[in-house]
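Structure first, commentary second.
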2 protein chains.
Amino acid sequence: MRLPDVQLHLRPGIIEFGWGHPDPALLPLDDLRRAARMAFIVYGADALAYGAEQGPGSLIAELCDLLAQRGVVPPSPETIFVTAGVSHAIDLLCTLYTRPGDVALVQAPVYHLALKILRDHGLTLVPVASDEHGLQPDALEAALHTLAQDGQHATLLYTIPTFANPTGSVLSAERRAAVVDIAVKYGLLVLEDDVYYDLWYDTPPPPPLAAYPHEGRVVRLGSFSKIVAPGLRLGWLQADPTIVQRCVTSGVIDSGGGINHLTAHIATSYVRHGYLTRHIDQLRASYRTRRDTLLAALAAHLPETCQVYHPGGGFFVWLSLPEDVDSAAFRMRAEAAGVSYLSGDRFYSNEQQSNAVRLAFSLLSPADLEEGAARLGRVLSE
Amino acid sequence: MRLPDVQLHLRPGIIEFGWGHPDPALLPLDDLRRAARMAFIVYGADALAYGAEQGPGSLIAELCDLLAQRGVVPPSPETIFVTAGVSHAIDLLCTLYTRPGDVALVQAPVYHLALKILRDHGLTLVPVASDEHGLQPDALEAALHTLAQDGQHATLLYTIPTFANPTGSVLSAERRAAVVDIAVKYGLLVLEDDVYYDLWYDTPPPPPLAAYPHEGRVVRLGSFSKIVAPGLRLGWLQADPTIVQRCVTSGVIDSGGGINHLTAHIATSYVRHGYLTRHIDQLRASYRTRRDTLLAALAAHLPETCQVYHPGGGFFVWLSLPEDVDSAAFRMRAEAAGVSYLSGDRFYSNEQQSNAVRLAFSLLSPADLEEGAARLGRVLSE
């Protein structure tokens with residue numbers, strides 16, 4: 001038996017809209033190879049030792065520069081902690097800040113595998129409605145109010161304010177301010193999953209939640225997975241220094257040293273040599289073309305009873321099928337017609353039935369996006 | 001402010017026996033650089049994608065070969081899960097198999113930072129005595145019996161059977177069989193931390209606990225940190241396939257894909273080209289010399305009221321100071337004399353006072369080991 005090397009597995013004859021992975025052809029193989037070579041030369045044995053708990057100072061310095069270019073408040077080094085990506089950051093923060101039975105508020109719909117991480121920690125998930133402008137502050141406050149009436153409180157809120165997975169929605173600036181105010185008022189720890197922030201295709205998004213005055217309540221989660229390569233397993237969190245220090249002094253970090261230390265040095269070299277900024281520009285151009293191709297093909301092929309949300313960035317198009325269609329059940333028919341997707345129910349903590357589907361345009365070539373939309377149109381018209 | 005890159009920080013004028021780190025001069029920089037170059041060539045974009053959840057099949061195949069050479073039962077691929085090292089493995093298993101308030105039995109004394117990981121998960125730690133032949137089966141069964149009388153049971157046992165940190169002790173073959181029998185009888189999950197197994201300097205150790213019939217109760221934890229480089233942040237666990245599958249289907253792995261995917265491919269190249277086997281031979285020779293140098297220097301310089309445990313492998317010499325010395329308090333005097341160590345109390349879950357100290361010989365040159373022992377002898381004779 002030989003096990004696979006990668007997570008992606010494609011089925012012959014099926015155009016897979018289900019995988020929110022980058023196209024392997026867009027991974028910056030040559031530049032990362034150069035960065036790796038430089039990291040061995042520049043850092044030598046330091047890149048192979050137990051790493052500083054917070055992450056290498058060299059990478060933290062580069063991240064502060066990067067975030068200052070993109071955010072509003074230039075971060076200081078003591079607010080950054082290097083992670084193995086957003087999934088790891090959520091996992092670590094759950095270990096350190098929650099106990100089983102605690103309530104986690106979660107955007108609905110939202111990234112299904114983040115919900116799985118929260119569930120592994122025994123958290124009780126309470127959905128908070130979102131619409132085309134993102135999380136609804138009224139719904140957030142109502143959920144907190146209801147909990148308070150039951151003598152409960154929520155420990156954290158998990159949300160993707162910018163180019164959300166799965167809907168592509170962007171939380172408006174006014175709602176950002178309102179969400180942060182509510183978090184401060186109720187003592188909520190907000191996990192702001194912001195992995196798509198730099199992947200805008202029309203206009204830059206509003207400042208992140210972490211840019212609003214939040215009294216230490218917002219932890220912004222970033223990652224190299226979408227903007228460089230997921231195989232690096234590298235990201236960062238930006239948070240109040242007390243939260244960074246709790247991570248730094250955790251047992252797992254104290255024992256093993258900083259996360260992914262060698263890879264962190266490769267990433268430092270990659271960023272320092274200007275590869276990242278150039279690569280993000282290339283990704284924007286490629287993904288913009290793919291998004292536009294998919295949207296045009298959906299407009300051409302889908303029946304008028306479907307509704308398509310037009311995302312301004314990220315990896316996903318959120319598509320509502322006709323109201324009487326259960327998108328989970330319909331997937332079998334779609335796959336028989338050679339096209340697949342993730343059904344909307346997957347993205348709700350209560351797995352409620354949904355007529356929506358998530359189409360990822362990050363993995364597929366423009367030709368496949370076009371053909372996939374045509375197949376979806378055909379099976380929906382039957 | 002520029003933050004440090006590495007975890008190690010040495011104080012001028014002090015010979016630091018406290019750090020259980022490998023000597024940076026022993027890290028295989030050139031071979032890892034070659035392995036990294038090969039990984040980019042051989043695996044290309046596959047090394048940069050989301051990794052297979054269990055770890056790359058190529059690395060798992062190499063690990064099965066390696067473990068078959070060193071263990072008793074050749075492992076099959078479905079019993080291996082790639083981790084970010086032992087610390088990460090303990091952390092993940094605690095998330096998936098324990099809840100706060102659960103009881104974890106822990107060898108006493110044992111690696112202090114593993115205790116810290118268990119505590120982060122809210123576990124109640126119950127010590128089990130060990131001596132120069134390792135964990136005492138009678139003490140283990142007595143602890144379980146006492147718990148049962150209180151209506152409690154233990155969820156897991158954390159132990160280092162081979163060249164233990166901090167004592168260097170090796171669990172005898174008879175005791176191994178007895179410990180595994182007790183684990184089966186009481187339904188204990190045994191975390192066998194076996195990072196020093198290959199670093200024997202006299203004779204090979206007995207088979208690991210995982211080689212005894214254990215009905216799926218033993219999880220053996222291995223790592224590249226001590227035998228290649230800690231900065232790789234890479235290890236593995238060997239366990240019953242149901243445990244491997246629980247790791248594979250956890251939220252954090254499902255979401256982020258396999259652990260440290262790029263680094264895992266570098267490690268595969270490193271192992272496949274025969275670098276590992278050669279490097280372990282070199283490490284054995286280097287560390288054997290250091291151990292012998294330290295033991296000889298301690299024999300020459302320490303007063304007769306001290307007792308030295310002679311380890312057959314690993315990184316540590318366990319030294320009992322005269323019985324009336326509190327080694328934690330005495331450390332200030334030692335440091336004033338230019339020598340430091342970790343005091344014994346650190347390695348007990350109840351932090352009981354101890355007259356013992358842990359001396360790591362992995363980091364220091366033979367000359368420093370000699371001088372450090374001389375300084376320790378002087379301050380003890382005062």
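As shown in the structure tokens, the chain order sets the letters A, B, ...; within each chain, residues go from 1, and ligands are also counted from 1 in the order they appear.
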(Q) At a cut-off of 6 Å, which residues of chain B touch chain A? Count only C-alpha atoms and give the answer as a PyMOL selection string. (A) chain B and resi 3-7+48-52+56-57+87+113+116-117+229-233+251-252+255-256+260-262
Selection above as a file: C-alpha atoms, as a PDB file, in the first residue's frame:
ATOM      1  CA  LEU B   3      13.529  39.545  18.792  1.00  0.00           C
ATOM      2  CA  PRO B   4      15.752  36.448  18.901  1.00  0.00           C
ATOM      3  CA  ASP B   5      15.670  33.767  16.191  1.00  0.00           C
ATOM      4  CA  VAL B   6      16.420  30.753  18.388  1.00  0.00           C
ATOM      5  CA  GLN B   7      15.265  29.467  21.756  1.00  0.00           C
ATOM      6  CA  LEU B  48       3.966  22.926  -1.545  1.00  0.00           C
ATOM      7  CA  ALA B  49       0.313  21.843  -1.748  1.00  0.00           C
ATOM      8  CA  TYR B  50      -1.968  20.880   1.137  1.00  0.00           C
ATOM      9  CA  GLY B  51      -0.449  17.637   2.385  1.00  0.00           C
ATOM     10  CA  ALA B  52      -2.137  14.272   2.830  1.00  0.00           C
ATOM     11  CA  PRO B  56       3.173  12.284   2.915  1.00  0.00           C
ATOM     12  CA  GLY B  57       3.000   8.650   1.822  1.00  0.00           C
ATOM     13  CA  SER B  87       5.257  18.035  21.966  1.00  0.00           C
ATOM     14  CA  LEU B 113       7.681  20.542  29.716  1.00  0.00           C
ATOM     15  CA  LYS B 116       3.253  21.674  31.177  1.00  0.00           C
ATOM     16  CA  ILE B 117       1.459  20.490  28.018  1.00  0.00           C
ATOM     17  CA  ALA B 229      17.465  18.758  13.871  1.00  0.00           C
ATOM     18  CA  PRO B 230      14.830  20.280  16.172  1.00  0.00           C
ATOM     19  CA  GLY B 231      14.158  23.140  13.722  1.00  0.00           C
ATOM     20  CA  LEU B 232      12.537  20.651  11.347  1.00  0.00           C
ATOM     21  CA  ARG B 233       9.661  20.397  13.865  1.00  0.00           C
ATOM     22  CA  GLY B 251     -10.531  19.343  12.500  1.00  0.00           C
ATOM     23  CA  VAL B 252      -7.087  20.881  12.613  1.00  0.00           C
ATOM     24  CA  SER B 255      -8.493  21.826   7.635  1.00  0.00           C
ATOM     25  CA  GLY B 256      -4.753  22.420   7.298  1.00  0.00           C
ATOM     26  CA  ASN B 260       4.735  20.477   8.093  1.00  0.00           C
ATOM     27  CA  HIS B 261       4.320  19.209   4.586  1.00  0.00           C
ATOM     28  CA  LEU B 262       7.336  20.856   2.925  1.00  0.00           C
TER      29      LEU B 262
END
Set the distance at 8 Å and use only C-alpha atoms: which residues neighbour Ala285 in chain A once local chain neighbours fewer than 4 positions away are removed? I'd like the list as a PDB file with all heavy atoms, in the first residue's frame.
ATOM      1  N   TYR A 201      -9.890  41.703  -5.915  1.00  0.00           N
ATOM      2  CA  TYR A 201      -9.794  41.772  -7.383  1.00  0.00           C
ATOM      3  C   TYR A 201     -10.418  43.031  -7.958  1.00  0.00           C
ATOM      4  O   TYR A 201     -10.283  43.283  -9.159  1.00  0.00           O
ATOM      5  CB  TYR A 201     -10.432  40.518  -8.003  1.00  0.00           C
ATOM      6  CG  TYR A 201      -9.946  39.242  -7.329  1.00  0.00           C
ATOM      7  CD1 TYR A 201     -10.836  38.246  -6.947  1.00  0.00           C
ATOM      8  CD2 TYR A 201      -8.586  39.072  -7.029  1.00  0.00           C
ATOM      9  CE1 TYR A 201     -10.380  37.101  -6.295  1.00  0.00           C
ATOM     10  CE2 TYR A 201      -8.135  37.941  -6.378  1.00  0.00           C
ATOM     11  CZ  TYR A 201      -9.039  36.957  -6.006  1.00  0.00           C
ATOM     12  OH  TYR A 201      -8.592  35.844  -5.356  1.00  0.00           O
ATOM     13  N   ASP A 281       0.535  40.107  -6.550  1.00  0.00           N
ATOM     14  CA  ASP A 281       0.048  40.789  -7.766  1.00  0.00           C
ATOM     15  C   ASP A 281      -0.318  39.772  -8.848  1.00  0.00           C
ATOM     16  O   ASP A 281      -1.354  39.892  -9.509  1.00  0.00           O
ATOM     17  CB  ASP A 281       1.121  41.743  -8.308  1.00  0.00           C
ATOM     18  CG  ASP A 281       1.272  42.986  -7.437  1.00  0.00           C
ATOM     19  OD1 ASP A 281       0.358  43.257  -6.628  1.00  0.00           O
ATOM     20  OD2 ASP A 281       2.303  43.669  -7.560  1.00  0.00           O
ATOM     21  N   THR A 289      -9.179  36.743 -13.295  1.00  0.00           N
ATOM     22  CA  THR A 289      -9.601  36.137 -14.564  1.00  0.00           C
ATOM     23  C   THR A 289     -10.506  34.934 -14.323  1.00  0.00           C
ATOM     24  O   THR A 289     -11.536  34.763 -14.983  1.00  0.00           O
ATOM     25  CB  THR A 289      -8.357  35.691 -15.356  1.00  0.00           C
ATOM     26  OG1 THR A 289      -7.549  36.836 -15.596  1.00  0.00           O
ATOM     27  CG2 THR A 289      -8.744  35.046 -16.676  1.00  0.00           C
TER      28      THR A 289
END
Q. Counting only C-alpha atoms, what is within 10 Å of Thr124 in chain A, bar same-chain residues fewer than 6 positions away, as a VMD selection string?
A. chain A and resid 100 to 105 118 154 349
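Compared by their closest atoms to Thr83 in chain B, and using only C-alpha atoms, the residues B:Leu10, B:Cys247, B:Ala183, B:Leu125 rank with B:Cys247 nearest.
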(Q) Just want the 10 Å neighbourhood of Val325 in chain B, counted on only C-alpha atoms, with same-chain residues fewer than 3 positions away dropped. Output as an MDAnalysis selection string. (A) chainID B and resid 320:322 328:330 353:356 380
Residues of range 280-361 of chain A classed as helix (DSSP H, G or I) by DSSP on the backbone are to be reported as a tab-separated table (two decimals) with N, CA, C and O atoms, in the first residue's frame.
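Generated output (out.tsv):
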chain	number	residue	atom	x	y	z
A	280	ILE	N	1.74	38.13	-5.00
A	280	ILE	CA	0.34	38.51	-4.72
A	280	ILE	C	-0.25	39.25	-5.92
A	280	ILE	O	-1.40	39.01	-6.29
A	281	ASP	N	0.53	40.11	-6.55
A	281	ASP	CA	0.05	40.79	-7.77
A	281	ASP	C	-0.32	39.77	-8.85
A	281	ASP	O	-1.35	39.89	-9.51
A	282	GLN	N	0.53	38.76	-9.02
A	282	GLN	CA	0.25	37.73	-10.03
A	282	GLN	C	-1.00	36.93	-9.68
A	282	GLN	O	-1.82	36.62	-10.54
A	283	LEU	N	-1.12	36.59	-8.38
A	283	LEU	CA	-2.31	35.83	-7.96
A	283	LEU	C	-3.58	36.64	-8.21
A	283	LEU	O	-4.59	36.10	-8.69
A	284	ARG	N	-3.54	37.94	-7.89
A	284	ARG	CA	-4.73	38.78	-8.12
A	284	ARG	C	-5.14	38.72	-9.58
A	284	ARG	O	-6.32	38.57	-9.89
A	285	ALA	N	-4.17	38.82	-10.48
A	285	ALA	CA	-4.49	38.81	-11.91
A	285	ALA	C	-5.08	37.45	-12.31
A	285	ALA	O	-6.09	37.37	-13.01
A	286	SER	N	-4.44	36.37	-11.86
A	286	SER	CA	-4.92	35.03	-12.24
A	286	SER	C	-6.30	34.74	-11.68
A	286	SER	O	-7.19	34.26	-12.39
A	287	TYR	N	-6.48	35.02	-10.39
A	287	TYR	CA	-7.76	34.68	-9.77
A	287	TYR	C	-8.87	35.61	-10.26
A	287	TYR	O	-10.03	35.20	-10.33
A	288	ARG	N	-8.53	36.86	-10.57
A	288	ARG	CA	-9.53	37.77	-11.12
A	288	ARG	C	-10.08	37.20	-12.43
A	288	ARG	O	-11.29	37.15	-12.65
A	289	THR	N	-9.18	36.74	-13.30
A	289	THR	CA	-9.60	36.14	-14.56
A	289	THR	C	-10.51	34.93	-14.32
A	289	THR	O	-11.54	34.76	-14.98
A	290	ARG	N	-10.11	34.10	-13.37
A	290	ARG	CA	-10.91	32.90	-13.08
A	290	ARG	C	-12.29	33.27	-12.54
A	290	ARG	O	-13.31	32.70	-12.95
A	291	ARG	N	-12.29	34.22	-11.60
A	291	ARG	CA	-13.59	34.65	-11.07
A	291	ARG	C	-14.48	35.17	-12.19
A	291	ARG	O	-15.66	34.80	-12.31
A	292	ASP	N	-13.91	36.05	-13.02
A	292	ASP	CA	-14.71	36.66	-14.10
A	292	ASP	C	-15.20	35.60	-15.08
A	292	ASP	O	-16.33	35.66	-15.56
A	293	THR	N	-14.34	34.64	-15.39
A	293	THR	CA	-14.72	33.55	-16.29
A	293	THR	C	-15.90	32.76	-15.72
A	293	THR	O	-16.88	32.48	-16.41
A	294	LEU	N	-15.78	32.44	-14.42
A	294	LEU	CA	-16.85	31.65	-13.80
A	294	LEU	C	-18.15	32.44	-13.75
A	294	LEU	O	-19.22	31.90	-14.08
A	295	LEU	N	-18.06	33.69	-13.34
A	295	LEU	CA	-19.29	34.49	-13.23
A	295	LEU	C	-19.97	34.63	-14.59
A	295	LEU	O	-21.19	34.51	-14.70
A	296	ALA	N	-19.18	34.86	-15.64
A	296	ALA	CA	-19.75	35.00	-16.98
A	296	ALA	C	-20.39	33.68	-17.43
A	296	ALA	O	-21.48	33.67	-18.00
A	297	ALA	N	-19.71	32.58	-17.15
A	297	ALA	CA	-20.23	31.28	-17.57
A	297	ALA	C	-21.51	30.92	-16.81
A	297	ALA	O	-22.45	30.36	-17.37
A	298	LEU	N	-21.54	31.27	-15.50
A	298	LEU	CA	-22.75	31.00	-14.72
A	298	LEU	C	-23.91	31.83	-15.26
A	298	LEU	O	-25.03	31.34	-15.40
A	299	ALA	N	-23.63	33.09	-15.60
A	299	ALA	CA	-24.68	33.96	-16.15
A	299	ALA	C	-25.20	33.40	-17.46
A	299	ALA	O	-26.40	33.47	-17.76
A	300	ALA	N	-24.31	32.80	-18.24
A	300	ALA	CA	-24.70	32.28	-19.56
A	300	ALA	C	-25.47	30.97	-19.45
A	300	ALA	O	-26.37	30.71	-20.25
A	301	HIS	N	-25.13	30.14	-18.46
A	301	HIS	CA	-25.64	28.76	-18.46
A	301	HIS	C	-26.72	28.47	-17.43
A	301	HIS	O	-27.48	27.52	-17.59
A	327	SER	N	-29.47	21.21	-1.94
A	327	SER	CA	-28.20	21.14	-2.70
A	327	SER	C	-27.37	19.91	-2.30
A	327	SER	O	-26.55	19.43	-3.08
A	328	ALA	N	-27.56	19.40	-1.07
A	328	ALA	CA	-26.82	18.19	-0.66
A	328	ALA	C	-27.30	16.98	-1.46
A	328	ALA	O	-26.51	16.19	-1.98
A	329	ALA	N	-28.61	16.84	-1.57
A	329	ALA	CA	-29.17	15.71	-2.32
A	329	ALA	C	-28.88	15.86	-3.82
A	329	ALA	O	-28.61	14.88	-4.52
A	330	PHE	N	-28.92	17.12	-4.30
A	330	PHE	CA	-28.74	17.38	-5.73
A	330	PHE	C	-27.32	17.07	-6.20
A	330	PHE	O	-27.07	16.87	-7.39
A	331	ARG	N	-26.38	17.01	-5.26
A	331	ARG	CA	-24.98	16.82	-5.64
A	331	ARG	C	-24.77	15.50	-6.38
A	331	ARG	O	-23.96	15.41	-7.31
A	332	MET	N	-25.51	14.45	-6.00
A	332	MET	CA	-25.38	13.16	-6.69
A	332	MET	C	-25.71	13.33	-8.17
A	332	MET	O	-25.02	12.78	-9.04
A	333	ARG	N	-26.77	14.08	-8.46
A	333	ARG	CA	-27.14	14.29	-9.86
A	333	ARG	C	-26.07	15.11	-10.57
A	333	ARG	O	-25.72	14.83	-11.73
A	334	ALA	N	-25.56	16.12	-9.89
A	334	ALA	CA	-24.52	16.95	-10.50
A	334	ALA	C	-23.29	16.10	-10.82
A	334	ALA	O	-22.70	16.21	-11.91
A	335	GLU	N	-22.90	15.25	-9.88
A	335	GLU	CA	-21.70	14.44	-10.10
A	335	GLU	C	-21.91	13.43	-11.23
A	335	GLU	O	-20.97	13.14	-11.98
A	336	ALA	N	-23.13	12.93	-11.36
A	336	ALA	CA	-23.43	12.04	-12.49
A	336	ALA	C	-23.28	12.80	-13.81
A	336	ALA	O	-22.95	12.21	-14.85
A	344	GLY	N	-24.35	23.72	0.65
A	344	GLY	CA	-24.43	24.77	1.66
A	344	GLY	C	-24.59	24.29	3.09
A	344	GLY	O	-24.08	24.92	4.02
A	345	ASP	N	-25.27	23.16	3.29
A	345	ASP	CA	-25.50	22.67	4.65
A	345	ASP	C	-24.20	22.46	5.43
A	345	ASP	O	-24.16	22.59	6.64
A	346	ARG	N	-23.11	22.15	4.68
A	346	ARG	CA	-21.83	21.88	5.33
A	346	ARG	C	-21.31	23.09	6.14
A	346	ARG	O	-20.49	22.92	7.04
A	347	PHE	N	-21.77	24.28	5.78
A	347	PHE	CA	-21.18	25.50	6.34
A	347	PHE	C	-22.00	26.08	7.49
A	347	PHE	O	-21.74	27.18	7.94
**Q.** Distance of CA of Val248 in chain A from CA of Asn350 in chain B, expressed in Å to one decimal place
**A.** 23.0 Å
Q: Taking the DSSP assignment computed from this structure's backbone, write out as a ChimeraX atom specification all residues of range 169-232 of chain A that belong to strand (DSSP E).
A: /A:189-193,218-223
Quick one: residues within 8 Å of range 189-196 of chain A, only C-alpha atoms counted, chain neighbours fewer than 5 positions away excluded, as an mmCIF file with N, CA, C and O atoms, in the first residue's frame?
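Done, and the output landed in selection_13.cif:
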data_model
loop_
_atom_site.group_PDB
_atom_site.id
_atom_site.type_symbol
_atom_site.label_atom_id
_atom_site.label_comp_id
_atom_site.auth_asym_id
_atom_site.auth_seq_id
_atom_site.Cartn_x
_atom_site.Cartn_y
_atom_site.Cartn_z
ATOM 1 N N VAL A 86 -3.806 29.164 10.040
ATOM 2 C CA VAL A 86 -4.993 29.550 10.797
ATOM 3 C C VAL A 86 -5.575 28.369 11.564
ATOM 4 O O VAL A 86 -6.015 28.515 12.707
ATOM 5 N N ILE A 90 -6.321 28.536 15.573
ATOM 6 C CA ILE A 90 -7.619 28.300 16.212
ATOM 7 C C ILE A 90 -7.483 27.189 17.252
ATOM 8 O O ILE A 90 -7.961 27.302 18.382
ATOM 9 N N THR A 155 -17.656 32.560 24.893
ATOM 10 C CA THR A 155 -16.225 32.772 25.076
ATOM 11 C C THR A 155 -15.626 33.439 23.852
ATOM 12 O O THR A 155 -14.808 34.351 23.962
ATOM 13 N N LEU A 156 -16.003 32.961 22.672
ATOM 14 C CA LEU A 156 -15.380 33.521 21.468
ATOM 15 C C LEU A 156 -16.362 33.609 20.316
ATOM 16 O O LEU A 156 -17.451 33.019 20.334
ATOM 17 N N LEU A 157 -15.939 34.399 19.328
ATOM 18 C CA LEU A 157 -16.662 34.531 18.062
ATOM 19 C C LEU A 157 -15.682 34.182 16.950
ATOM 20 O O LEU A 157 -14.582 34.747 16.888
ATOM 21 N N TYR A 158 -16.059 33.240 16.095
ATOM 22 C CA TYR A 158 -15.248 32.938 14.922
ATOM 23 C C TYR A 158 -15.920 33.543 13.688
ATOM 24 O O TYR A 158 -17.091 33.252 13.413
ATOM 25 N N THR A 159 -15.182 34.370 12.969
ATOM 26 C CA THR A 159 -15.759 35.068 11.830
ATOM 27 C C THR A 159 -14.717 35.298 10.739
ATOM 28 O O THR A 159 -13.514 35.361 11.022
ATOM 29 N N ILE A 160 -15.173 35.364 9.497
ATOM 30 C CA ILE A 160 -14.320 35.700 8.349
ATOM 31 C C ILE A 160 -14.902 36.972 7.735
ATOM 32 O O ILE A 160 -15.819 36.900 6.911
ATOM 33 N N PRO A 161 -14.379 38.131 8.125
ATOM 34 C CA PRO A 161 -15.028 39.375 7.681
ATOM 35 C C PRO A 161 -14.771 39.703 6.213
ATOM 36 O O PRO A 161 -15.555 40.428 5.607
ATOM 37 N N THR A 162 -13.698 39.172 5.643
ATOM 38 C CA THR A 162 -13.268 39.652 4.327
ATOM 39 C C THR A 162 -13.198 38.500 3.329
ATOM 40 O O THR A 162 -12.405 37.581 3.508
ATOM 41 N N PHE A 163 -14.019 38.608 2.266
ATOM 42 C CA PHE A 163 -14.098 37.569 1.232
ATOM 43 C C PHE A 163 -14.307 36.201 1.893
ATOM 44 O O PHE A 163 -13.536 35.253 1.732
ATOM 45 N N ALA A 164 -15.412 36.135 2.627
ATOM 46 C CA ALA A 164 -15.671 34.983 3.492
ATOM 47 C C ALA A 164 -15.717 33.676 2.710
ATOM 48 O O ALA A 164 -16.183 33.632 1.579
ATOM 49 N N ALA A 183 -18.089 43.101 20.811
ATOM 50 C CA ALA A 183 -17.093 42.204 21.413
ATOM 51 C C ALA A 183 -16.527 42.807 22.688
ATOM 52 O O ALA A 183 -16.347 42.108 23.699
ATOM 53 N N PRO A 208 -9.128 45.709 8.626
ATOM 54 C CA PRO A 208 -9.541 44.529 9.409
ATOM 55 C C PRO A 208 -10.166 44.926 10.744
ATOM 56 O O PRO A 208 -9.973 46.047 11.222
ATOM 57 N N LEU A 209 -10.901 44.019 11.333
ATOM 58 C CA LEU A 209 -11.466 44.247 12.675
ATOM 59 C C LEU A 209 -10.382 44.685 13.655
ATOM 60 O O LEU A 209 -10.611 45.537 14.511
ATOM 61 N N ALA A 210 -9.199 44.095 13.504
ATOM 62 C CA ALA A 210 -8.108 44.379 14.443
ATOM 63 C C ALA A 210 -7.647 45.826 14.360
ATOM 64 O O ALA A 210 -6.914 46.298 15.239
ATOM 65 N N ARG A 217 -9.522 42.502 22.357
ATOM 66 C CA ARG A 217 -10.503 41.436 22.159
ATOM 67 C C ARG A 217 -10.380 40.758 20.796
ATOM 68 O O ARG A 217 -11.017 39.731 20.584
ATOM 69 N N VAL A 218 -9.641 41.347 19.851
ATOM 70 C CA VAL A 218 -9.585 40.778 18.502
ATOM 71 C C VAL A 218 -8.225 40.121 18.264
ATOM 72 O O VAL A 218 -7.179 40.719 18.505
ATOM 73 N N VAL A 219 -8.251 38.874 17.798
ATOM 74 C CA VAL A 219 -7.050 38.179 17.348
ATOM 75 C C VAL A 219 -7.186 38.007 15.833
ATOM 76 O O VAL A 219 -8.109 37.338 15.359
ATOM 77 N N ARG A 220 -6.287 38.636 15.102
ATOM 78 C CA ARG A 220 -6.354 38.529 13.641
ATOM 79 C C ARG A 220 -5.450 37.392 13.186
ATOM 80 O O ARG A 220 -4.268 37.329 13.547
ATOM 81 N N LEU A 221 -6.009 36.500 12.379
ATOM 82 C CA LEU A 221 -5.301 35.304 11.949
ATOM 83 C C LEU A 221 -4.924 35.427 10.479
ATOM 84 O O LEU A 221 -5.794 35.600 9.618
ATOM 85 N N GLY A 222 -3.630 35.355 10.204
ATOM 86 C CA GLY A 222 -3.144 35.431 8.829
ATOM 87 C C GLY A 222 -2.400 34.159 8.455
ATOM 88 O O GLY A 222 -2.071 33.337 9.315
ATOM 89 N N SER A 223 -2.135 33.993 7.171
ATOM 90 C CA SER A 223 -1.521 32.744 6.709
ATOM 91 C C SER A 223 -0.796 32.947 5.387
ATOM 92 O O SER A 223 -1.195 33.768 4.557
ATOM 93 N N SER A 225 -0.758 30.359 3.450
ATOM 94 C CA SER A 225 -1.315 29.257 2.657
ATOM 95 C C SER A 225 -1.957 29.734 1.366
ATOM 96 O O SER A 225 -1.811 29.090 0.329
ATOM 97 N N LYS A 226 -2.705 30.837 1.403
ATOM 98 C CA LYS A 226 -3.415 31.290 0.203
ATOM 99 C C LYS A 226 -2.549 32.207 -0.648
ATOM 100 O O LYS A 226 -2.772 32.315 -1.851
ATOM 101 N N GLY A 313 -13.297 39.226 -4.064
ATOM 102 C CA GLY A 313 -11.975 38.662 -3.788
ATOM 103 C C GLY A 313 -12.128 37.234 -3.293
ATOM 104 O O GLY A 313 -13.218 36.662 -3.323
ATOM 105 N N GLY A 314 -11.033 36.654 -2.846
ATOM 106 C CA GLY A 314 -11.081 35.317 -2.268
ATOM 107 C C GLY A 314 -11.126 34.207 -3.300
ATOM 108 O O GLY A 314 -10.716 34.402 -4.449
ATOM 109 N N PHE A 315 -11.648 33.058 -2.887
ATOM 110 C CA PHE A 315 -11.597 31.831 -3.697
ATOM 111 C C PHE A 315 -12.975 31.345 -4.166
ATOM 112 O O PHE A 315 -13.034 30.381 -4.926
#
Q | Counting only C-alpha atoms, the option among B:Asp31, B:Asp198, B:Glu323, B:Glu382 closest to Tyr275 in chain B | A |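 Comparing B:Asp31, B:Asp198, B:Glu323, B:Glu382 against Tyr275 in chain B, the winner is B:Asp31.
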Q | Pro127 in chain B environment, 6 Å, only C-alpha atoms, sequence neighbours closer than 5 positions dropped, as an NGL selection string | A | :B and (105-108)
Preceding selection exported with C-alpha atoms as an mmCIF file, in the first residue's frame:
data_model
loop_
_atom_site.group_PDB
_atom_site.id
_atom_site.type_symbol
_atom_site.label_atom_id
_atom_site.label_comp_id
_atom_site.auth_asym_id
_atom_site.auth_seq_id
_atom_site.Cartn_x
_atom_site.Cartn_y
_atom_site.Cartn_z
ATOM 1 C CA LEU B 105 -0.393 9.398 35.375
ATOM 2 C CA VAL B 106 3.139 10.686 34.931
ATOM 3 C CA GLN B 107 6.489 9.093 35.598
ATOM 4 C CA ALA B 108 8.261 10.844 38.490
#
Q. So what do you get for CA of Ser340 in chain B versus CA of Asp326 in chain B, distance-wise?
A. 14.3 Å
**Q.** Residue nearest Met38 in chain A among A:Leu63, A:Leu237, A:Ala373, A:Ile266 (counting only C-alpha atoms)
**A.**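 Nearest candidate to Met38 in chain A out of A:Leu63, A:Leu237, A:Ala373, A:Ile266: A:Ile266.
Across the structure, CA of Pro12 in chain B and CA of Glu371 in chain B are spaced 14.6 Å apart.
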**Q.** Minimum-distance residue to His145 in chain A, chosen among A:Leu369, A:Ile182, A:Leu67, A:Val244 (using only C-alpha atoms)
**A.**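 Ranking A:Leu369, A:Ile182, A:Leu67, A:Val244 by distance to His145 in chain A, first place goes to A:Ile182.
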